[in-house]
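Undergrad: Quick one: the structure is below, questions incoming.
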Amino acid sequence: MKKLIAIAAVAVLATSVFAQKVLKVGATPEPHANILNLIKDDLKAQGIDLQVIEMTDYPTLNEVLEAGDIDANYDQHIPYMESFNKEKGFHLVNAGGIHVEPFALYSNKYKSLSDIKKKSVIAIPNDPTNEARALLLLQEAGLITLKEGVGINATPIDIVKNPLKLKFKEIDAATLPRTLKDVGGAVINGNYALPAGLSAKKDGLFVEGSSSPYVNIIAVKAGNENREEIKALVKALQSDKVKQYLSETYPNGEVVAVF
């Protein structure tokens with residue numbers, strides 16, 4: 001009798017394991033993958049096996065999502081996604097906003113904006129939306145003035161005033177922290193600044209305001225945003241558990257919940 005009960009228990013366990021729906025989500029390591037790993041058990045209790053696939057390259061994360069190799073990604077904001085869709089003919093949509101990582105201007109050479117010398121080299125991201133975001137930050141800091149109306153489409157050729165005659169070096173976003181030893185300053189995405197030990201509030205010479213429109217989202221291929229597993233993922237991410245984790249892990253505002 002005991003043997004039959006044991007066999008039945010194993011059968012039930014096996015059935016529950018095989019009933020788990022696999023959800024593959026691509027993400028950059030910090031903070032995105034860390035946040036996803038936080039909710040793994042919550043989704044498991046709902047029959048969803050969340051598999052977090054870490055990558056550091058934004059384009060690759062979108063390419064594998066469009067190809068259907070993953071179910072969602074968590075690494076980008078809406079302007080970047082929309083620009084990528086337009087450029088590549090992709091069909092990615094926003095399934096839900098989670099947090100903001102304020103951009104900041106960092107420097108190993110200067111302690112404040114007023115210290116920046118003429119003809120200093122400033123490294124900025126080389127992808128269109130983050131490049132524009134960096135230039136808008138530098139304009140907000142009073143270092144440059146952009147042509148009126150260019151907004152999130154700004155490029156260095158749209159600079160109409162540059163009192164310090166700053167030079168701009170367009171660099172892959174993931175490698176920006178490594179450029180700090182060679183340039184006067186660099187405008188760095190939060191998810192690349194954090195692993196490099198940089199805090200926007202502590203180390204930034206100038207930090208993006210809290211009204212930033214660059215909310216990090218769960219992106220999916222169009223048509224998948226209403227899948228039950230995706231809805232469960234977004235709900236788990238937009239939870240008090242995640243909000244508390246962000247406030248405790250990033251007390252200086254490096255990552256801020258938007259829900």
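Residues in the structure tokens are numbered from 1 in each chain, the chains being A, B, ... in the order shown, and ligands are numbered from 1 in the order shown.
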Fewer than 2 positions away in the same chain doesn't count, so skip those; otherwise give me all residues within 12 Å of Phe168 (chain A), counting only C-alpha atoms, as a PyMOL selection string.
TA: chain A and resi 119-126+131+134-135+138+144+155-157+159+162+164-166+170-171+183-187
Undergrad: Kindly save the residues from that selection, with N, CA and C atoms included, as a PDB file, in the first residue's frame.
TA:
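File produced: out07.pdb:
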ATOM      1  N   LYS A 119      37.158  71.624 -25.117  1.00  0.00           N
ATOM      2  CA  LYS A 119      37.545  70.570 -26.066  1.00  0.00           C
ATOM      3  C   LYS A 119      37.644  69.187 -25.426  1.00  0.00           C
ATOM      4  N   SER A 120      37.005  69.037 -24.258  1.00  0.00           N
ATOM      5  CA  SER A 120      36.958  67.711 -23.643  1.00  0.00           C
ATOM      6  C   SER A 120      36.148  66.761 -24.530  1.00  0.00           C
ATOM      7  N   VAL A 121      36.520  65.484 -24.478  1.00  0.00           N
ATOM      8  CA  VAL A 121      35.797  64.463 -25.241  1.00  0.00           C
ATOM      9  C   VAL A 121      34.725  63.853 -24.329  1.00  0.00           C
ATOM     10  N   ILE A 122      33.498  63.833 -24.818  1.00  0.00           N
ATOM     11  CA  ILE A 122      32.380  63.237 -24.087  1.00  0.00           C
ATOM     12  C   ILE A 122      31.882  62.026 -24.881  1.00  0.00           C
ATOM     13  N   ALA A 123      31.915  60.858 -24.270  1.00  0.00           N
ATOM     14  CA  ALA A 123      31.432  59.642 -24.932  1.00  0.00           C
ATOM     15  C   ALA A 123      29.932  59.514 -24.722  1.00  0.00           C
ATOM     16  N   ILE A 124      29.210  59.145 -25.789  1.00  0.00           N
ATOM     17  CA  ILE A 124      27.757  58.984 -25.725  1.00  0.00           C
ATOM     18  C   ILE A 124      27.381  57.684 -26.433  1.00  0.00           C
ATOM     19  N   PRO A 125      26.195  57.122 -26.113  1.00  0.00           N
ATOM     20  CA  PRO A 125      25.781  55.881 -26.781  1.00  0.00           C
ATOM     21  C   PRO A 125      25.646  56.087 -28.285  1.00  0.00           C
ATOM     22  N   ASN A 126      25.925  55.035 -29.061  1.00  0.00           N
ATOM     23  CA  ASN A 126      25.883  55.176 -30.516  1.00  0.00           C
ATOM     24  C   ASN A 126      24.565  54.736 -31.145  1.00  0.00           C
ATOM     25  N   GLU A 131      21.477  57.947 -27.920  1.00  0.00           N
ATOM     26  CA  GLU A 131      22.329  59.081 -28.262  1.00  0.00           C
ATOM     27  C   GLU A 131      21.561  60.379 -28.075  1.00  0.00           C
ATOM     28  N   ALA A 134      21.110  61.141 -24.463  1.00  0.00           N
ATOM     29  CA  ALA A 134      22.348  61.675 -23.882  1.00  0.00           C
ATOM     30  C   ALA A 134      22.516  63.152 -24.218  1.00  0.00           C
ATOM     31  N   LEU A 135      22.234  63.509 -25.463  1.00  0.00           N
ATOM     32  CA  LEU A 135      22.375  64.912 -25.878  1.00  0.00           C
ATOM     33  C   LEU A 135      21.362  65.802 -25.169  1.00  0.00           C
ATOM     34  N   LEU A 138      22.727  66.464 -21.774  1.00  0.00           N
ATOM     35  CA  LEU A 138      23.806  67.459 -21.808  1.00  0.00           C
ATOM     36  C   LEU A 138      23.247  68.864 -22.028  1.00  0.00           C
ATOM     37  N   ILE A 144      25.385  72.172 -23.800  1.00  0.00           N
ATOM     38  CA  ILE A 144      25.150  72.385 -25.228  1.00  0.00           C
ATOM     39  C   ILE A 144      23.722  72.901 -25.418  1.00  0.00           C
ATOM     40  N   THR A 155      20.939  64.363 -32.902  1.00  0.00           N
ATOM     41  CA  THR A 155      22.277  63.813 -33.142  1.00  0.00           C
ATOM     42  C   THR A 155      23.270  64.957 -32.963  1.00  0.00           C
ATOM     43  N   PRO A 156      24.557  64.659 -32.902  1.00  0.00           N
ATOM     44  CA  PRO A 156      25.545  65.743 -32.717  1.00  0.00           C
ATOM     45  C   PRO A 156      25.468  66.858 -33.755  1.00  0.00           C
ATOM     46  N   ILE A 157      24.967  66.563 -34.969  1.00  0.00           N
ATOM     47  CA  ILE A 157      24.898  67.626 -35.986  1.00  0.00           C
ATOM     48  C   ILE A 157      23.791  68.635 -35.666  1.00  0.00           C
ATOM     49  N   ILE A 159      23.557  70.096 -32.776  1.00  0.00           N
ATOM     50  CA  ILE A 159      24.059  71.009 -31.745  1.00  0.00           C
ATOM     51  C   ILE A 159      24.291  72.387 -32.370  1.00  0.00           C
ATOM     52  N   ASN A 162      27.786  75.239 -28.492  1.00  0.00           N
ATOM     53  CA  ASN A 162      28.710  74.342 -27.788  1.00  0.00           C
ATOM     54  C   ASN A 162      29.851  75.190 -27.231  1.00  0.00           C
ATOM     55  N   LEU A 164      31.935  75.158 -24.843  1.00  0.00           N
ATOM     56  CA  LEU A 164      33.222  74.548 -24.484  1.00  0.00           C
ATOM     57  C   LEU A 164      33.879  73.806 -25.650  1.00  0.00           C
ATOM     58  N   LYS A 165      33.196  73.860 -26.806  1.00  0.00           N
ATOM     59  CA  LYS A 165      33.709  73.144 -27.988  1.00  0.00           C
ATOM     60  C   LYS A 165      33.970  71.659 -27.668  1.00  0.00           C
ATOM     61  N   LEU A 166      33.037  71.069 -26.946  1.00  0.00           N
ATOM     62  CA  LEU A 166      33.155  69.658 -26.574  1.00  0.00           C
ATOM     63  C   LEU A 166      33.159  68.780 -27.822  1.00  0.00           C
ATOM     64  N   GLU A 170      30.975  58.618 -30.266  1.00  0.00           N
ATOM     65  CA  GLU A 170      29.839  57.686 -30.238  1.00  0.00           C
ATOM     66  C   GLU A 170      30.350  56.264 -30.017  1.00  0.00           C
ATOM     67  N   ILE A 171      29.892  55.657 -28.912  1.00  0.00           N
ATOM     68  CA  ILE A 171      30.407  54.358 -28.459  1.00  0.00           C
ATOM     69  C   ILE A 171      29.250  53.406 -28.196  1.00  0.00           C
ATOM     70  N   VAL A 183      38.378  59.422 -21.580  1.00  0.00           N
ATOM     71  CA  VAL A 183      37.623  60.590 -22.044  1.00  0.00           C
ATOM     72  C   VAL A 183      37.353  61.544 -20.885  1.00  0.00           C
ATOM     73  N   GLY A 184      36.891  62.727 -21.247  1.00  0.00           N
ATOM     74  CA  GLY A 184      36.552  63.696 -20.205  1.00  0.00           C
ATOM     75  C   GLY A 184      35.315  63.315 -19.432  1.00  0.00           C
ATOM     76  N   GLY A 185      34.397  62.643 -20.110  1.00  0.00           N
ATOM     77  CA  GLY A 185      33.165  62.206 -19.463  1.00  0.00           C
ATOM     78  C   GLY A 185      32.405  61.265 -20.366  1.00  0.00           C
ATOM     79  N   ALA A 186      31.411  60.586 -19.820  1.00  0.00           N
ATOM     80  CA  ALA A 186      30.587  59.671 -20.599  1.00  0.00           C
ATOM     81  C   ALA A 186      29.176  59.677 -20.048  1.00  0.00           C
ATOM     82  N   VAL A 187      28.207  59.682 -20.943  1.00  0.00           N
ATOM     83  CA  VAL A 187      26.801  59.577 -20.549  1.00  0.00           C
ATOM     84  C   VAL A 187      26.435  58.101 -20.658  1.00  0.00           C
TER      85      VAL A 187
END
Undergrad: What are the DSSP strand (DSSP E or B) residues of region 110-162 of chain A, as an MDAnalysis selection string?
TA: chainID A and resid 121:125 145:146 159:161
Undergrad: Using N, CA and C atoms, can you export the residues from the last selection as a PDB file, in the first residue's frame?
TA:
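Final output, saved to part24.pdb:
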ATOM      1  N   VAL A 121      36.520  65.484 -24.478  1.00  0.00           N
ATOM      2  CA  VAL A 121      35.797  64.463 -25.241  1.00  0.00           C
ATOM      3  C   VAL A 121      34.725  63.853 -24.329  1.00  0.00           C
ATOM      4  N   ILE A 122      33.498  63.833 -24.818  1.00  0.00           N
ATOM      5  CA  ILE A 122      32.380  63.237 -24.087  1.00  0.00           C
ATOM      6  C   ILE A 122      31.882  62.026 -24.881  1.00  0.00           C
ATOM      7  N   ALA A 123      31.915  60.858 -24.270  1.00  0.00           N
ATOM      8  CA  ALA A 123      31.432  59.642 -24.932  1.00  0.00           C
ATOM      9  C   ALA A 123      29.932  59.514 -24.722  1.00  0.00           C
ATOM     10  N   ILE A 124      29.210  59.145 -25.789  1.00  0.00           N
ATOM     11  CA  ILE A 124      27.757  58.984 -25.725  1.00  0.00           C
ATOM     12  C   ILE A 124      27.381  57.684 -26.433  1.00  0.00           C
ATOM     13  N   PRO A 125      26.195  57.122 -26.113  1.00  0.00           N
ATOM     14  CA  PRO A 125      25.781  55.881 -26.781  1.00  0.00           C
ATOM     15  C   PRO A 125      25.646  56.087 -28.285  1.00  0.00           C
ATOM     16  N   THR A 145      23.443  73.374 -26.642  1.00  0.00           N
ATOM     17  CA  THR A 145      22.079  73.725 -27.032  1.00  0.00           C
ATOM     18  C   THR A 145      21.784  73.024 -28.348  1.00  0.00           C
ATOM     19  N   LEU A 146      20.638  72.375 -28.408  1.00  0.00           N
ATOM     20  CA  LEU A 146      20.245  71.645 -29.611  1.00  0.00           C
ATOM     21  C   LEU A 146      19.275  72.479 -30.453  1.00  0.00           C
ATOM     22  N   ILE A 159      23.557  70.096 -32.776  1.00  0.00           N
ATOM     23  CA  ILE A 159      24.059  71.009 -31.745  1.00  0.00           C
ATOM     24  C   ILE A 159      24.291  72.387 -32.370  1.00  0.00           C
ATOM     25  N   VAL A 160      23.613  73.399 -31.840  1.00  0.00           N
ATOM     26  CA  VAL A 160      23.768  74.750 -32.390  1.00  0.00           C
ATOM     27  C   VAL A 160      24.637  75.634 -31.504  1.00  0.00           C
ATOM     28  N   LYS A 161      24.781  75.262 -30.231  1.00  0.00           N
ATOM     29  CA  LYS A 161      25.677  76.013 -29.338  1.00  0.00           C
ATOM     30  C   LYS A 161      26.491  75.016 -28.531  1.00  0.00           C
TER      31      LYS A 161
END
Undergrad: Write out as a tab-separated table (two decimals) with C-alpha atoms, in the first residue's frame each polymer residue whose atoms come within 12 Å of Tyr245 (chain A), counting only C-alpha atoms; drop sequence neighbours fewer than 4 positions from it.
TA:
chain	number	residue	atom	x	y	z
A	31	PRO	CA	19.04	45.30	-12.76
A	34	ASN	CA	18.12	40.35	-10.98
A	35	ILE	CA	14.54	41.61	-10.84
A	36	LEU	CA	13.29	38.71	-12.96
A	37	ASN	CA	15.06	36.17	-10.76
A	38	LEU	CA	13.30	37.72	-7.77
A	39	ILE	CA	9.88	36.66	-9.09
A	99	HIS	CA	11.06	51.06	-13.89
A	237	LEU	CA	6.97	42.65	-11.82
A	238	GLN	CA	4.50	45.40	-10.93
A	239	SER	CA	4.20	44.14	-7.38
A	240	ASP	CA	4.93	45.55	-3.93
A	241	LYS	CA	7.62	42.89	-3.63
A	249	THR	CA	18.60	47.71	-3.32
A	250	TYR	CA	18.91	51.12	-4.97
A	251	PRO	CA	18.33	53.63	-2.15
A	255	VAL	CA	16.45	52.31	-10.36
A	256	VAL	CA	12.98	53.72	-9.69
A	257	ALA	CA	9.67	51.84	-9.94
Undergrad: Could you please write out, as a ChimeraX atom specification, every residue of region 83-257 of chain A that DSSP assigns to alpha helix (DSSP H)?
TA: /A:83-88,128-140,190-193,200-203,228-237,240-249
Undergrad: So that I can see what lies close to Pro177 (chain A), please list as a ChimeraX atom specification the residues with an atom at most 8 Å from it, counting only C-alpha atoms and leaving out residues fewer than 6 positions away in the same chain.
TA: /A:186,188,192-193,196
Undergrad: Any chance you could export the current selection's C-alpha atoms as a PDB file, in the first residue's frame?
TA:
ATOM      1  CA  ALA A 186      30.587  59.671 -20.599  1.00  0.00           C
ATOM      2  CA  ILE A 188      25.964  56.040 -19.457  1.00  0.00           C
ATOM      3  CA  TYR A 192      25.588  49.489 -17.697  1.00  0.00           C
ATOM      4  CA  ALA A 193      26.578  51.980 -14.994  1.00  0.00           C
ATOM      5  CA  ALA A 196      30.532  49.075 -13.232  1.00  0.00           C
TER       6      ALA A 196
END
Undergrad: To one decimal in Å, tell me the separation between CA of Leu194 (chain A) and CA of Val215 (chain A).
TA: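 These two atoms are separated by 16.8 Å.
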Undergrad: I'd like the interatomic distance between CA of Gln51 (chain A) and CA of Lys24 (chain A), to a tenth of an Å.
TA: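 Computing it gives 4.8 Å between the two atoms.
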Undergrad: Name the closest residue to Val52 (chain A) among the candidates A:Leu65, A:Ala72, A:Ala236, A:Ala154; distances are taken between atoms, counting only C-alpha atoms.
TA: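 Among A:Leu65, A:Ala72, A:Ala236, A:Ala154, it is A:Ala72 that comes nearest to Val52 (chain A).
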Undergrad: Just the number, please: distance in Å from CA of Val220 (chain A) to CA of Gly190 (chain A), one decimal.
TA: 21.8 Å
